[in-house]
Structure formats: structure tokens, C-alpha cells
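Source file: start_17.txt (compact mmCIF, C-alpha atoms and all ligand atoms)
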```txt
# COMPACT_ATOMS: atom_id res chain seq x y z
CA MET A 91 -51.14 62.99 -49.42
CA ASP A 92 -48.91 63.82 -46.44
CA ILE A 93 -51.12 61.61 -44.35
CA LEU A 94 -50.68 58.81 -46.88
CA ILE A 95 -46.88 59.18 -46.83
CA LEU A 96 -46.91 59.22 -43.03
CA ALA A 97 -49.00 56.01 -42.91
CA VAL A 98 -46.58 54.23 -45.31
CA VAL A 99 -43.54 55.30 -43.21
CA ILE A 100 -45.19 54.03 -39.97
CA ALA A 101 -46.06 50.73 -41.67
CA LEU A 102 -42.46 50.25 -42.90
CA VAL A 103 -40.99 51.03 -39.44
CA ALA A 104 -43.38 48.55 -37.82
CA VAL A 105 -42.47 45.74 -40.27
CA GLY A 106 -38.73 46.45 -39.75
CA ALA A 107 -39.08 46.30 -35.97
CA ILE A 108 -41.01 43.04 -36.05
CA SER A 109 -38.50 41.32 -38.39
CA GLY A 110 -35.59 42.57 -36.24
CA LEU A 111 -37.21 41.07 -33.18
CA VAL A 112 -37.64 37.74 -34.92
CA VAL A 113 -33.99 37.63 -36.06
CA SER A 114 -32.64 38.55 -32.67
CA SER A 115 -34.86 36.00 -30.95
CA ARG A 116 -33.57 33.35 -33.39
CA LYS A 117 -30.04 34.41 -32.62
CA LYS A 118 -30.74 34.02 -28.93
CA LYS A 119 -32.04 30.54 -29.47
CA GLN A 120 -28.85 29.63 -31.28
CA LEU A 121 -26.65 30.78 -28.43
CA PRO A 122 -25.38 27.91 -26.32
CA PRO A 123 -26.79 27.98 -22.81
CA THR A 124 -23.42 28.57 -21.27
CA ALA A 125 -21.77 31.05 -19.00
CA PRO A 126 -22.79 34.67 -19.13
CA PRO A 127 -20.54 36.88 -21.25
CA SER A 128 -18.95 38.40 -18.18
CA THR A 129 -17.38 35.03 -17.23
CA PRO A 130 -13.60 35.28 -17.79
CA THR A 131 -12.15 32.84 -20.26
CA ILE A 132 -9.54 30.67 -18.64
CA THR A 133 -6.60 29.93 -20.84
CA ALA A 134 -3.58 27.85 -20.12
CA PRO A 135 -0.46 29.83 -19.40
CA PRO A 136 1.63 29.89 -22.57
CA ALA A 137 4.51 28.04 -20.94
CA GLU A 138 2.40 24.98 -20.18
CA PRO A 139 2.22 22.47 -23.06
CA GLN A 140 -1.27 21.19 -23.79
CA VAL A 141 -2.11 17.53 -23.56
CA GLY A 142 -1.22 15.86 -26.83
CA GLU A 143 0.43 19.03 -28.19
CA ASP A 144 3.65 18.33 -30.00
CA ALA A 145 5.33 21.69 -29.79
CA ALA A 146 9.07 21.68 -30.19
CA PRO A 147 10.94 22.49 -27.01
CA THR A 148 12.56 25.88 -26.86
CA ALA A 149 15.85 26.78 -25.29
CA GLN A 150 14.04 28.45 -22.39
CA GLU A 151 11.54 25.70 -21.91
CA PRO A 152 12.87 22.19 -22.57
CA ARG A 153 10.38 19.47 -23.42
CA ARG A 154 8.96 18.00 -20.26
CA THR A 155 7.95 14.45 -19.63
CA ILE A 156 4.49 13.41 -18.49
CA GLU A 157 5.76 12.88 -14.99
CA GLU A 158 7.33 16.33 -14.83
CA VAL A 159 4.19 18.00 -16.07
CA GLY A 160 2.37 16.01 -13.44
CA LEU A 161 -0.48 14.77 -15.58
CA PRO A 162 -2.08 11.50 -14.76
CA GLU A 163 -1.16 8.99 -17.46
CA ALA A 164 -4.76 8.14 -18.24
CA GLU A 165 -5.43 11.73 -19.35
CA VAL A 166 -2.64 11.58 -21.87
CA ALA A 167 -3.54 8.15 -23.17
CA GLU A 168 -7.14 9.18 -23.93
CA PRO A 169 -7.06 12.74 -25.24
CA ALA A 170 -10.59 12.76 -26.71
CA ALA A 171 -13.40 11.37 -24.65
CA PRO A 172 -16.32 10.19 -26.82
CA PRO A 173 -18.89 13.03 -26.87
CA VAL A 174 -21.93 10.91 -26.16
CA ALA A 175 -20.45 8.18 -23.99
CA GLU A 176 -23.02 6.08 -22.21
CA PRO A 177 -22.27 5.99 -18.47
CA GLU A 178 -20.51 2.67 -17.93
CA ALA A 179 -21.93 0.27 -15.40
CA PRO A 180 -19.30 -0.34 -12.68
CA ALA A 181 -17.51 -3.57 -13.55
CA ALA A 182 -17.70 -6.31 -10.97
CA PRO A 183 -14.25 -6.68 -9.38
CA GLU A 184 -12.46 -9.49 -11.08
CA ILE A 185 -10.87 -12.01 -8.78
CA GLU A 186 -7.49 -13.07 -10.06
CA VAL A 187 -6.09 -16.56 -9.88
CA PRO A 188 -2.53 -16.22 -8.60
CA GLU A 189 0.25 -18.29 -10.03
CA PRO A 190 0.97 -21.56 -8.18
CA THR A 191 3.91 -21.31 -5.80
CA ALA A 192 5.65 -24.53 -6.79
CA GLY A 193 8.56 -23.83 -9.10
CA ARG A 194 8.37 -20.07 -8.71
CA LEU A 195 12.01 -19.74 -7.79
CA VAL A 196 12.95 -21.68 -10.90
CA ARG A 197 10.91 -19.23 -12.99
CA LEU A 198 12.52 -16.29 -11.23
CA ARG A 199 16.01 -17.78 -11.17
CA ALA A 200 17.12 -15.87 -14.22
CA ARG A 201 16.49 -12.60 -12.39
CA LEU A 202 18.55 -13.73 -9.47
CA ALA A 203 21.32 -15.03 -11.71
CA ARG A 204 21.46 -11.77 -13.65
CA SER A 205 22.05 -9.72 -10.57
CA GLN A 206 24.29 -12.15 -8.73
CA ASN A 207 26.92 -12.62 -11.41
CA SER A 208 29.62 -10.96 -9.44
CA LEU A 209 29.32 -13.45 -6.61
CA GLY A 210 29.02 -16.95 -8.02
CA LYS A 211 30.62 -16.54 -11.40
CA GLY A 212 33.31 -14.30 -9.95
CA LEU A 213 34.23 -16.96 -7.41
CA LEU A 214 34.37 -19.68 -10.05
CA THR A 215 36.61 -17.60 -12.29
CA LEU A 216 38.99 -16.88 -9.43
CA LEU A 217 39.10 -20.51 -8.30
CA SER A 218 39.90 -21.58 -11.87
CA ARG A 219 43.12 -19.58 -12.02
CA GLU A 220 46.20 -21.65 -12.64
CA HIS A 221 47.99 -20.38 -9.54
CA LEU A 222 45.90 -19.83 -6.47
CA ASP A 223 48.26 -17.43 -4.78
CA GLU A 224 47.61 -15.20 -1.77
CA ASP A 225 46.40 -12.37 -3.98
CA THR A 226 43.78 -14.63 -5.51
CA TRP A 227 42.54 -15.79 -2.11
CA GLU A 228 42.30 -12.17 -1.08
CA GLU A 229 40.23 -11.44 -4.16
CA ILE A 230 37.95 -14.36 -3.31
CA GLU A 231 37.52 -12.96 0.17
CA GLU A 232 36.80 -9.53 -1.20
CA THR A 233 34.18 -10.88 -3.61
CA LEU A 234 32.35 -12.51 -0.72
CA LEU A 235 32.53 -9.41 1.44
CA ILE A 236 31.25 -7.18 -1.36
CA ALA A 237 28.28 -9.52 -1.75
CA ASP A 238 27.46 -8.93 1.95
CA VAL A 239 28.18 -12.49 3.09
CA GLY A 240 29.65 -11.07 6.30
CA VAL A 241 33.13 -11.25 7.81
CA VAL A 242 32.88 -14.47 9.83
CA PRO A 243 31.06 -16.60 7.22
CA THR A 244 33.48 -15.31 4.56
CA GLN A 245 36.47 -16.40 6.59
CA GLU A 246 34.91 -19.80 7.19
CA LEU A 247 34.20 -20.33 3.51
CA VAL A 248 37.66 -19.22 2.38
CA ASP A 249 39.33 -21.55 4.91
CA ARG A 250 37.26 -24.50 3.74
CA LEU A 251 37.84 -23.74 0.08
CA ARG A 252 41.59 -23.51 0.66
CA ASP A 253 41.64 -26.92 2.36
CA ARG A 254 39.47 -28.61 -0.20
CA VAL A 255 41.20 -27.15 -3.25
CA LYS A 256 44.53 -28.42 -1.89
CA VAL A 257 43.10 -31.94 -1.64
CA LEU A 258 41.53 -31.70 -5.06
CA GLY A 259 44.81 -31.64 -7.00
CA THR A 260 43.84 -30.96 -10.59
CA ARG A 261 40.91 -28.59 -10.73
CA THR A 262 38.51 -29.25 -13.57
CA PRO A 263 35.72 -26.69 -14.01
CA ALA A 264 33.17 -29.37 -13.09
CA ASP A 265 35.05 -30.22 -9.88
CA LEU A 266 35.25 -26.59 -8.87
CA ARG A 267 31.61 -25.97 -9.60
CA ALA A 268 30.55 -28.97 -7.51
CA LEU A 269 32.83 -27.98 -4.66
CA LEU A 270 31.69 -24.38 -4.61
CA LYS A 271 28.05 -25.39 -4.77
CA GLU A 272 28.46 -27.72 -1.83
CA GLU A 273 30.25 -25.10 0.26
CA LEU A 274 27.79 -22.35 -0.56
CA LEU A 275 24.90 -24.65 0.29
CA THR A 276 26.49 -25.40 3.66
CA LEU A 277 26.84 -21.69 4.23
CA VAL A 278 23.23 -20.93 3.29
CA GLY A 279 22.00 -23.88 5.35
CA THR A 280 19.92 -26.80 4.16
CA ASP A 281 18.39 -27.95 7.43
CA PHE A 282 16.32 -24.91 8.38
CA ASP A 283 12.56 -25.35 8.29
CA ARG A 284 11.66 -22.65 5.78
CA ALA A 285 7.92 -23.26 5.50
CA VAL A 286 5.76 -20.24 6.40
CA LYS A 287 3.66 -21.46 9.34
CA THR A 288 -0.03 -20.74 8.98
CA GLU A 289 -1.77 -23.66 10.68
CA GLY A 290 -3.38 -21.75 13.56
CA GLY A 291 -5.42 -23.47 16.25
CA ALA A 292 -8.38 -25.85 16.08
CA ASP A 293 -10.92 -23.04 15.72
CA THR A 294 -8.63 -20.13 14.99
CA PRO A 295 -6.87 -19.05 11.83
CA GLY A 296 -3.13 -18.99 11.40
CA VAL A 297 -1.87 -15.51 12.24
CA VAL A 298 1.15 -13.98 10.54
CA MET A 299 2.47 -10.57 11.49
CA VAL A 300 4.65 -8.75 8.97
CA VAL A 301 7.13 -6.22 10.33
CA GLY A 302 9.91 -4.10 8.86
CA VAL A 303 11.10 -0.58 8.21
CA ASN A 304 9.15 1.64 5.79
CA GLY A 305 10.07 1.16 2.19
CA THR A 306 11.50 -2.33 2.55
CA GLY A 307 8.48 -3.76 0.71
CA LYS A 308 6.40 -4.80 3.72
CA THR A 309 2.95 -4.00 2.40
CA THR A 310 3.80 -5.37 -1.04
CA THR A 311 5.09 -8.55 0.58
CA THR A 312 1.92 -8.91 2.67
CA GLY A 313 -0.14 -8.58 -0.52
CA LYS A 314 2.05 -11.03 -2.41
CA LEU A 315 1.92 -13.47 0.48
CA ALA A 316 -1.89 -13.32 0.43
CA ARG A 317 -1.67 -14.39 -3.21
CA VAL A 318 0.70 -17.23 -2.35
CA LEU A 319 -1.77 -18.50 0.25
CA VAL A 320 -4.80 -18.09 -2.00
CA ALA A 321 -2.90 -19.93 -4.76
CA ASP A 322 -2.44 -22.74 -2.27
CA GLY A 323 -6.19 -22.85 -1.63
CA ARG A 324 -6.30 -20.94 1.67
CA SER A 325 -8.76 -18.20 2.60
CA VAL A 326 -7.17 -15.00 3.86
CA VAL A 327 -8.14 -11.92 5.90
CA LEU A 328 -5.81 -8.93 5.83
CA GLY A 329 -5.27 -6.55 8.74
CA ALA A 330 -4.17 -3.06 7.71
CA ALA A 331 -2.42 -2.12 10.95
CA ASP A 332 0.01 0.22 9.22
CA THR A 333 -1.86 3.37 10.18
CA PHE A 334 1.34 5.38 10.15
CA ARG A 335 1.76 5.60 6.36
CA ALA A 336 -1.22 7.30 4.74
CA ALA A 337 -1.73 5.09 1.69
CA ALA A 338 -0.78 1.75 3.23
CA ALA A 339 -4.35 0.59 3.99
CA ASP A 340 -5.56 1.40 0.47
CA GLN A 341 -2.53 -0.33 -0.99
CA LEU A 342 -3.19 -3.46 1.07
CA GLN A 343 -6.89 -3.46 0.28
CA THR A 344 -6.11 -3.32 -3.43
CA TRP A 345 -3.96 -6.44 -3.04
CA GLY A 346 -6.73 -8.12 -1.07
CA ASP A 347 -9.50 -7.21 -3.51
CA ARG A 348 -7.55 -8.73 -6.36
CA VAL A 349 -7.66 -12.17 -4.78
CA GLY A 350 -10.94 -11.83 -2.91
CA ALA A 351 -9.44 -11.39 0.57
CA ARG A 352 -11.24 -9.08 2.99
CA THR A 353 -9.22 -6.23 4.48
CA VAL A 354 -9.92 -5.03 8.00
CA ARG A 355 -8.90 -1.42 8.42
CA GLY A 356 -9.43 1.51 10.75
CA PRO A 357 -9.15 5.27 10.61
CA GLU A 358 -5.91 6.79 9.43
CA GLY A 359 -3.65 7.30 12.41
CA GLY A 360 -5.85 4.92 14.42
CA ASP A 361 -4.63 2.42 16.98
CA PRO A 362 -2.75 -0.33 15.10
CA ALA A 363 -3.15 -2.80 17.96
CA SER A 364 -6.95 -2.58 17.89
CA ILE A 365 -7.04 -3.00 14.10
CA ALA A 366 -4.80 -6.05 14.35
CA TYR A 367 -7.04 -7.42 17.11
CA ASP A 368 -10.16 -6.82 15.00
CA ALA A 369 -8.57 -8.46 11.97
CA VAL A 370 -8.00 -11.68 13.89
CA LYS A 371 -11.50 -11.44 15.35
CA GLU A 372 -12.87 -11.11 11.82
CA GLY A 373 -10.73 -14.05 10.69
CA ILE A 374 -12.20 -16.18 13.46
CA ALA A 375 -15.77 -15.05 12.67
CA GLU A 376 -15.32 -15.77 8.96
CA GLY A 377 -13.65 -19.09 9.57
CA ALA A 378 -10.69 -17.88 7.50
CA ASP A 379 -7.57 -20.02 7.23
CA VAL A 380 -5.03 -17.24 7.69
CA VAL A 381 -4.89 -13.64 8.93
CA LEU A 382 -1.99 -11.52 7.66
CA ILE A 383 -1.26 -8.35 9.60
CA ASP A 384 0.69 -5.54 7.96
CA THR A 385 2.25 -3.28 10.59
CA ALA A 386 3.66 0.22 10.43
CA GLY A 387 7.20 0.85 9.23
CA ARG A 388 8.62 1.42 12.62
CA LEU A 389 11.76 3.43 12.47
CA HIS A 390 14.18 1.76 14.81
CA THR A 391 15.36 5.07 16.17
CA LYS A 392 11.90 5.87 17.50
CA THR A 393 11.69 3.83 20.65
CA GLY A 394 8.04 4.67 21.23
CA LEU A 395 7.03 3.29 17.89
CA MET A 396 9.01 0.12 18.45
CA ASP A 397 7.21 -0.31 21.78
CA GLU A 398 3.94 0.04 19.93
CA LEU A 399 4.89 -2.87 17.72
CA GLY A 400 5.40 -4.99 20.81
CA LYS A 401 1.93 -3.91 21.92
CA VAL A 402 0.38 -5.00 18.60
CA LYS A 403 1.89 -8.42 19.10
CA ARG A 404 0.69 -8.72 22.69
CA VAL A 405 -2.85 -7.64 21.81
CA VAL A 406 -3.09 -10.04 18.88
CA GLU A 407 -1.88 -12.84 21.15
CA LYS A 408 -4.99 -12.42 23.27
CA HIS A 409 -6.67 -14.47 20.54
CA GLY A 410 -3.93 -17.08 20.63
CA PRO A 411 -0.27 -17.45 19.73
CA LEU A 412 1.11 -16.00 16.53
CA ASP A 413 2.22 -18.52 13.93
CA GLU A 414 4.83 -16.31 12.33
CA VAL A 415 6.47 -12.94 12.70
CA LEU A 416 8.09 -12.21 9.37
CA LEU A 417 10.73 -9.51 9.17
CA VAL A 418 10.93 -7.87 5.75
CA LEU A 419 14.40 -6.65 4.82
CA ASP A 420 15.49 -4.86 1.67
CA ALA A 421 18.46 -6.87 0.34
CA THR A 422 20.03 -3.77 -1.14
CA THR A 423 20.54 -2.08 2.23
CA GLY A 424 23.45 -4.25 3.43
CA GLN A 425 24.71 -3.46 6.91
CA ASN A 426 21.75 -1.17 7.51
CA GLY A 427 19.43 -4.10 7.03
CA LEU A 428 21.36 -6.09 9.61
CA THR A 429 21.08 -3.26 12.10
CA GLN A 430 17.32 -3.15 11.52
CA ALA A 431 17.13 -6.90 11.99
CA ARG A 432 18.83 -6.66 15.36
CA VAL A 433 16.48 -3.95 16.64
CA PHE A 434 13.30 -5.71 15.50
CA ALA A 435 14.48 -8.96 17.03
CA GLU A 436 14.68 -7.20 20.40
CA VAL A 437 11.04 -6.13 20.27
CA VAL A 438 9.32 -9.14 18.69
CA ASP A 439 10.46 -12.71 18.24
CA ILE A 440 11.21 -12.93 14.54
CA THR A 441 10.46 -16.38 13.17
CA GLY A 442 11.32 -15.84 9.52
CA ILE A 443 12.93 -13.37 7.16
CA VAL A 444 11.68 -12.09 3.84
CA LEU A 445 14.44 -10.63 1.70
CA THR A 446 13.03 -8.28 -0.91
CA LYS A 447 14.58 -6.67 -3.99
CA LEU A 448 17.05 -9.48 -4.57
CA ASP A 449 16.35 -8.89 -8.25
CA GLY A 450 18.09 -5.56 -8.16
CA THR A 451 21.29 -6.35 -6.31
CA ALA A 452 24.41 -8.46 -6.47
CA LYS A 453 24.37 -8.65 -2.69
CA GLY A 454 22.79 -12.06 -2.28
CA GLY A 455 25.27 -12.83 0.49
CA ILE A 456 22.92 -11.00 2.86
CA VAL A 457 20.96 -14.27 3.03
CA VAL A 458 23.88 -15.82 4.90
CA ALA A 459 24.63 -12.77 7.03
CA VAL A 460 21.09 -12.16 8.27
CA GLN A 461 20.44 -15.81 9.10
CA ARG A 462 23.62 -15.79 11.18
CA GLU A 463 22.63 -12.55 12.82
CA LEU A 464 19.17 -13.67 13.91
CA GLY A 465 19.48 -17.44 13.87
CA VAL A 466 16.23 -17.63 11.90
CA PRO A 467 15.85 -18.69 8.27
CA VAL A 468 15.10 -16.69 5.17
CA LYS A 469 11.70 -18.07 4.17
CA LEU A 470 10.69 -15.96 1.21
CA ILE A 471 12.45 -13.81 -1.32
CA GLY A 472 11.15 -10.92 -3.40
CA LEU A 473 12.40 -10.89 -6.96
CA GLY A 474 10.48 -8.07 -8.58
CA GLU A 475 7.51 -5.77 -8.38
CA GLY A 476 5.14 -8.15 -10.14
CA ALA A 477 2.25 -9.60 -8.14
CA ASP A 478 3.68 -13.12 -8.22
CA ASP A 479 7.34 -12.21 -7.82
CA LEU A 480 7.60 -13.60 -4.29
CA ALA A 481 9.06 -17.08 -4.03
CA PRO A 482 9.67 -19.59 -1.26
CA PHE A 483 13.39 -19.61 -0.54
CA GLU A 484 14.98 -22.82 -1.79
CA PRO A 485 18.70 -23.03 -0.97
CA GLU A 486 19.60 -25.27 -3.88
CA ALA A 487 17.87 -23.19 -6.56
CA PHE A 488 19.37 -20.09 -4.94
CA VAL A 489 22.92 -21.42 -5.01
CA ASP A 490 22.47 -22.66 -8.58
CA ALA A 491 21.43 -19.16 -9.52
CA LEU A 492 24.52 -17.74 -7.80
CA ILE A 493 26.91 -20.00 -9.68
CA GLY A 494 25.04 -20.02 -12.97
CA ASP A 495 24.58 -22.97 -15.26
P1 LIG B 1 6.59 -0.64 2.82
O1 LIG B 1 6.70 0.82 3.12
O2 LIG B 1 7.65 -1.42 3.52
O3 LIG B 1 5.23 -1.21 3.01
O4 LIG B 1 7.00 -0.79 1.26
P2 LIG B 1 6.08 -1.08 -0.01
O5 LIG B 1 5.43 -2.41 0.10
O6 LIG B 1 5.21 0.08 -0.28
O7 LIG B 1 7.23 -1.22 -1.14
C1 LIG B 1 8.15 -0.20 -1.43
C2 LIG B 1 8.60 -0.35 -2.88
O8 LIG B 1 9.41 -1.51 -3.04
C3 LIG B 1 7.45 -0.50 -3.87
O9 LIG B 1 7.74 0.27 -5.01
C4 LIG B 1 7.49 -1.98 -4.24
O10 LIG B 1 6.98 -2.25 -5.51
C5 LIG B 1 8.98 -2.25 -4.16
N1 LIG B 1 9.28 -3.68 -3.97
C6 LIG B 1 8.81 -4.50 -3.01
N2 LIG B 1 9.33 -5.73 -3.13
C7 LIG B 1 10.16 -5.71 -4.22
C8 LIG B 1 11.01 -6.67 -4.86
O11 LIG B 1 11.14 -7.84 -4.47
N3 LIG B 1 11.73 -6.26 -5.94
C9 LIG B 1 11.64 -4.97 -6.40
N4 LIG B 1 12.40 -4.64 -7.45
N5 LIG B 1 10.87 -4.04 -5.81
C10 LIG B 1 10.13 -4.39 -4.75
```
Here is the file; what I need is its structure written in the form of C-alpha cells.
Ligand code: GDP
Amino acid sequence: MDILILAVVIALVAVGAISGLVVSSRKKKQLPPTAPPSTPTITAPPAEPQVGEDAAPTAQEPRRTIEEVGLPEAEVAEPAAPPVAEPEAPAAPEIEVPEPTAGRLVRLRARLARSQNSLGKGLLTLLSREHLDEDTWEEIEETLLIADVGVVPTQELVDRLRDRVKVLGTRTPADLRALLKEELLTLVGTDFDRAVKTEGGADTPGVVMVVGVNGTGKTTTTGKLARVLVADGRSVVLGAADTFRAAAADQLQTWGDRVGARTVRGPEGGDPASIAYDAVKEGIAEGADVVLIDTAGRLHTKTGLMDELGKVKRVVEKHGPLDEVLLVLDATTGQNGLTQARVFAEVVDITGIVLTKLDGTAKGGIVVAVQRELGVPVKLIGLGEGADDLAPFEPEAFVDALIGD
């Protein structure tokens, strides 16, 4: 009997053990094949808001913007990636068709007019006063000086306006507008050749070197200019000779890729002169129409760097003469911009000026001042950060924008 009981107990224990094994092996199969249990769980520190979380800000920890938190925008815009996303085939780079250049300034005139109110409209209002006394003439002078027209051109304009207003007798608004437009046009200059030269030689492309202090919009302008040329049916090679600023070559290449222009670049911190030389060589080999060379933002206080810019020019000229050396100036920098202009003009022969950021300033008078300073014309103006916000400088459209319709 005891033996029978013992046999039953052994049988029960065996069955229990086998079923336990089966259950635990099933459990194992259900476990996700992830990190071993000893792996520490990483949790976000409580102070950091989670992406997409809408927790109310506390007194200790005010709500922070995306920028402050430092998250890339894309992460926030797409909080949940599809779980079984097929890997996307890399899209072929799309070549954009830039906007035609004709009539660009007319399109952008509103931007100029918005920011130039204090100059043109201010002058008209002052000239329309019933009594043009000394105080009013002083105010006119001040308005011009504030708009960065410069001391000498301001004096010239005020003298001419005084004479002509005297002769005018009764001053109708239309008379005054016409008079002011004429005088401002004279000041800005209508007989400069403002075309950007890109003809090149018989078998060589046109070569344009773009110079200017860091931050003035040099690389952006080079990219925009490539678009202008492509829009006009020219083929372009870009030379990324700004090896001083880390991201400049990438930035330029992005501009180039968008319009199908090849970018010649070298190692970061490499020799800008040899990159510029190679870019022109590539332009010749490709039979390109134009080579645009972006140079480093030479700080005018660093003599060595300025000398290097001269070297870039000399090396490029081994292929043939340059067609243009464009100096990019930020219109909002006033006197500082003029100082820069002077220093650059000593190192390289500037043939044209690009005034950027005219959309953000009421200091359009810098056009007059810088042309006087260098004796070379403003050829292009930047009126925004958009890809096609670079326009050929047309004195009449510019003055119209200053005075307003
Ligand atoms: P670089 O250091 O001289 O090459 O300057 P970048 O080309 O990098 O430009 C500096 C900044 O100025 C960028 O944010 C540009 O988008 C901006 N910028 C350039 N041109 C214009 C312009 O005409 N108007 C405005 N508002 N911004 C501009």
C-alpha cells in the first residue's frame, strides 16, 4: 500500500514539474528579445518636457519653446513614426526653376517702400509745409543723414532743393514729387553701367568673385546670384573658397544643388586660393558660362586674412582676368559698412556693390554714400531671405519706392 502511495506521489511530482517547465518555456518565448534585465532604464529627467507633452508650466520651470529645448523641428512635427515604415528610396534632387530676373525689383518694391518710409515720404511731407523755414530745411537735412545718404551728398541735395523750390513758386504735391524724384535720381546716378559682367573670354567662363565681411550675406548672395544666372539661361560652377567659416561650403553647395550648379570645394580650413583656382579650372573643363567664387569673410582688422584675399584674386587671374569683384555690404550697418568698403577696395579692385538686407532698414541712403565712397555702382540689392529676393538695382524703381506712389 505504502509503495502504491509512494508511486502516486512520484507520478504527481513528475507531472507538476513537466507542466511547470512548459509554462516557463512559453513565458520565455513571450519575452521580447530585448536588453537583459540588468540594463538600467533610462528616463528623462523630470524637469525636461517630453516631445508633444502639454504640461502646464510651473513657476519654477516656465514653458520653453522648441528652440530653447533645442529639439530639431522635424522631431516635434512628426511625433509618431509609422511602426512599419518601408525604407524610402532617396528622392532624386529636384532642380528648381528660378524666377526670371526681369521685373524683380517691381515685385520687391513693396518691401523696399515699407522700410524706406522715413526717407522718401518724410521728405515729401517736409517739402509740402506751407512755410519752408530754416527749421524745416534742417529737418530735411536730418532725414537724409539718418537714412545714411552721407554728409556731402546731403548738403548737395538740400542746396539744389532750396534753389528749385524757390523757382517753383506754388508747390503742388505733384510738382514736389516730380522734383524730388528727379533730384534723388541724380543723386543715385542714372548713367552707371549696372549690369553684372559675366562674359568671360572666348574659351573661358566669366569669373565673378564675391567678397565681404562675415554675416553680410555673402554666401547667400552667391547662391542667389547663381539662380539669377541660371534663370537667364547660363550654366554656373560655384567655388566654395570660404574655408574659414565651417558651414559655408555646405551652404553654398545646397544653393548650387537646387539649380543644378556644381560646387567645387576643398577641405575645411584648406587653401582658398587653390579652391578658387580649381573652380575656374572646372568651369573651363565643363564649358560653363560663369564661375562664381565665394570667399571667406575677411575681417578687415586681420591684415593677414586681407592679404590672403588678394592672393585668391591673383591666383584666379592665372586663368584670365576676373569679370567682376562684387563687394557685399549689409545695408543696416551704416558707417561700418563704408569702413569695410574702403578696406576691401584697397586689397581688390571692387567693380560692383551688392547691398543686402535693404528690406529690413530705412537706411536706403547708403546706396548713395557707398557709390560715392568707392566710385563703383550698386549692381544688385538683397530684399529678403527668400531664394529669389535678389534684384538688379534699377535707380528709377528704387527712387519710386523711396517716395511711394
Ligand atoms: P556670410 O557670412 O556673409 O556668407 O552671410 P550669409 O550668406 O550666411 O548670410 C547671413 C544672414 O543674412 C543669413 O541669415 C541670410 O539669410 C541673411 N540675409 C542675406 N541677405 C539678406 C537680405 O537681403 N535680406 C535679409 N533680410 N536677410 C538676408
Within 12 Å of (41.6, -26.5, 0.6), in the coordinates the file gives, what residues turn up when you count all atoms listed in the file, written out as an MDAnalysis selection string? chainID A and resid 217 222 227 246:259 261 266 269:270 273
So, with only C-alpha atoms and all ligand atoms as the atoms that count, which of A:Lys469, A:Arg199, A:Arg324, A:Lys308 lies closest to ligand LIG 1 (chain B)? A:Lys308
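Separating atom CA of Gly290 of chain A from atom CA of Leu399 of chain A is a distance of 21.0 Å.
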Put a box with edges along x, y and z around all the listed atoms of ligand LIG 1 (chain B), pad it by 8 Å on each side, then give me its centre and sizes in Å, one decimal, as JSON.
```
{"center_x": 8.8, "center_y": -3.5, "center_z": -2.0, "size_x": 23.2, "size_y": 24.7, "size_z": 27.0}
```
Test item: residues lying within 9 Å of ligand LIG 1 (chain B) with only C-alpha atoms and all ligand atoms, as a VMD selection string: chain A and resid 301 to 313 332 335 337 to 338 341 to 342 384 to 387 418 to 421 445 to 450 471 to 476 479 to 480
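Atom CA of Val466 of chain A sits 21.9 Å away from atom CA of Asp397 of chain A.
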Give me the residues near Ile374 of chain A as a VMD selection string, where near means some atom within 10 Å (using only C-alpha atoms) and where sequence neighbours in that chain fewer than 6 positions away do not count. chain A and resid 293 to 296 327 368 380 to 381 409
Any idea what's packed within 10 Å of Glu436 of chain A, counting only C-alpha atoms, ignoring anything in its chain fewer than 5 positions away? Could you give it as a count of residues only? 3
Using only C-alpha atoms, the shortest atom-to-atom distance to Gln425 of chain A among A:Gly494, A:Gly212, A:Pro188, A:Gly455 belongs to A:Gly455
Repair of segment 366-379 of chain A at the level of N, CA and C atoms, as an mmCIF file, keeping the file's coordinate frame:
```
data_model
loop_
_atom_site.group_PDB
_atom_site.id
_atom_site.type_symbol
_atom_site.label_atom_id
_atom_site.label_comp_id
_atom_site.auth_asym_id
_atom_site.auth_seq_id
_atom_site.Cartn_x
_atom_site.Cartn_y
_atom_site.Cartn_z
ATOM 1 N N ALA A 366 -5.359 -4.691 14.442
ATOM 2 C CA ALA A 366 -4.800 -6.050 14.350
ATOM 3 C C ALA A 366 -5.697 -7.030 15.117
ATOM 4 N N TYR A 367 -6.155 -6.581 16.291
ATOM 5 C CA TYR A 367 -7.040 -7.420 17.110
ATOM 6 C C TYR A 367 -8.337 -7.726 16.348
ATOM 7 N N ASP A 368 -8.911 -6.657 15.758
ATOM 8 C CA ASP A 368 -10.160 -6.820 15.000
ATOM 9 C C ASP A 368 -9.985 -7.730 13.787
ATOM 10 N N ALA A 369 -8.817 -7.631 13.163
ATOM 11 C CA ALA A 369 -8.570 -8.460 11.970
ATOM 12 C C ALA A 369 -8.614 -9.945 12.355
ATOM 13 N N VAL A 370 -7.998 -10.274 13.464
ATOM 14 C CA VAL A 370 -8.000 -11.680 13.890
ATOM 15 C C VAL A 370 -9.422 -12.093 14.286
ATOM 16 N N LYS A 371 -10.111 -11.172 14.972
ATOM 17 C CA LYS A 371 -11.500 -11.440 15.350
ATOM 18 C C LYS A 371 -12.339 -11.740 14.106
ATOM 19 N N GLU A 372 -12.146 -10.930 13.086
ATOM 20 C CA GLU A 372 -12.870 -11.110 11.820
ATOM 21 C C GLU A 372 -12.493 -12.456 11.174
ATOM 22 N N GLY A 373 -11.205 -12.772 11.236
ATOM 23 C CA GLY A 373 -10.730 -14.050 10.690
ATOM 24 C C GLY A 373 -11.406 -15.227 11.376
ATOM 25 N N ILE A 374 -11.547 -15.104 12.696
ATOM 26 C CA ILE A 374 -12.200 -16.180 13.460
ATOM 27 C C ILE A 374 -13.682 -16.266 13.054
ATOM 28 N N ALA A 375 -14.337 -15.090 13.006
ATOM 29 C CA ALA A 375 -15.770 -15.050 12.670
ATOM 30 C C ALA A 375 -16.027 -15.624 11.278
ATOM 31 N N GLU A 376 -15.145 -15.310 10.351
ATOM 32 C CA GLU A 376 -15.320 -15.770 8.960
ATOM 33 C C GLU A 376 -14.898 -17.215 8.762
ATOM 34 N N GLY A 377 -14.190 -17.740 9.742
ATOM 35 C CA GLY A 377 -13.650 -19.090 9.570
ATOM 36 C C GLY A 377 -12.523 -19.101 8.545
ATOM 37 N N ALA A 378 -11.789 -17.970 8.478
ATOM 38 C CA ALA A 378 -10.690 -17.880 7.500
ATOM 39 C C ALA A 378 -9.541 -18.801 7.909
ATOM 40 N N ASP A 379 -8.728 -19.162 6.935
ATOM 41 C CA ASP A 379 -7.570 -20.020 7.230
ATOM 42 C C ASP A 379 -6.417 -19.216 7.826
#
```
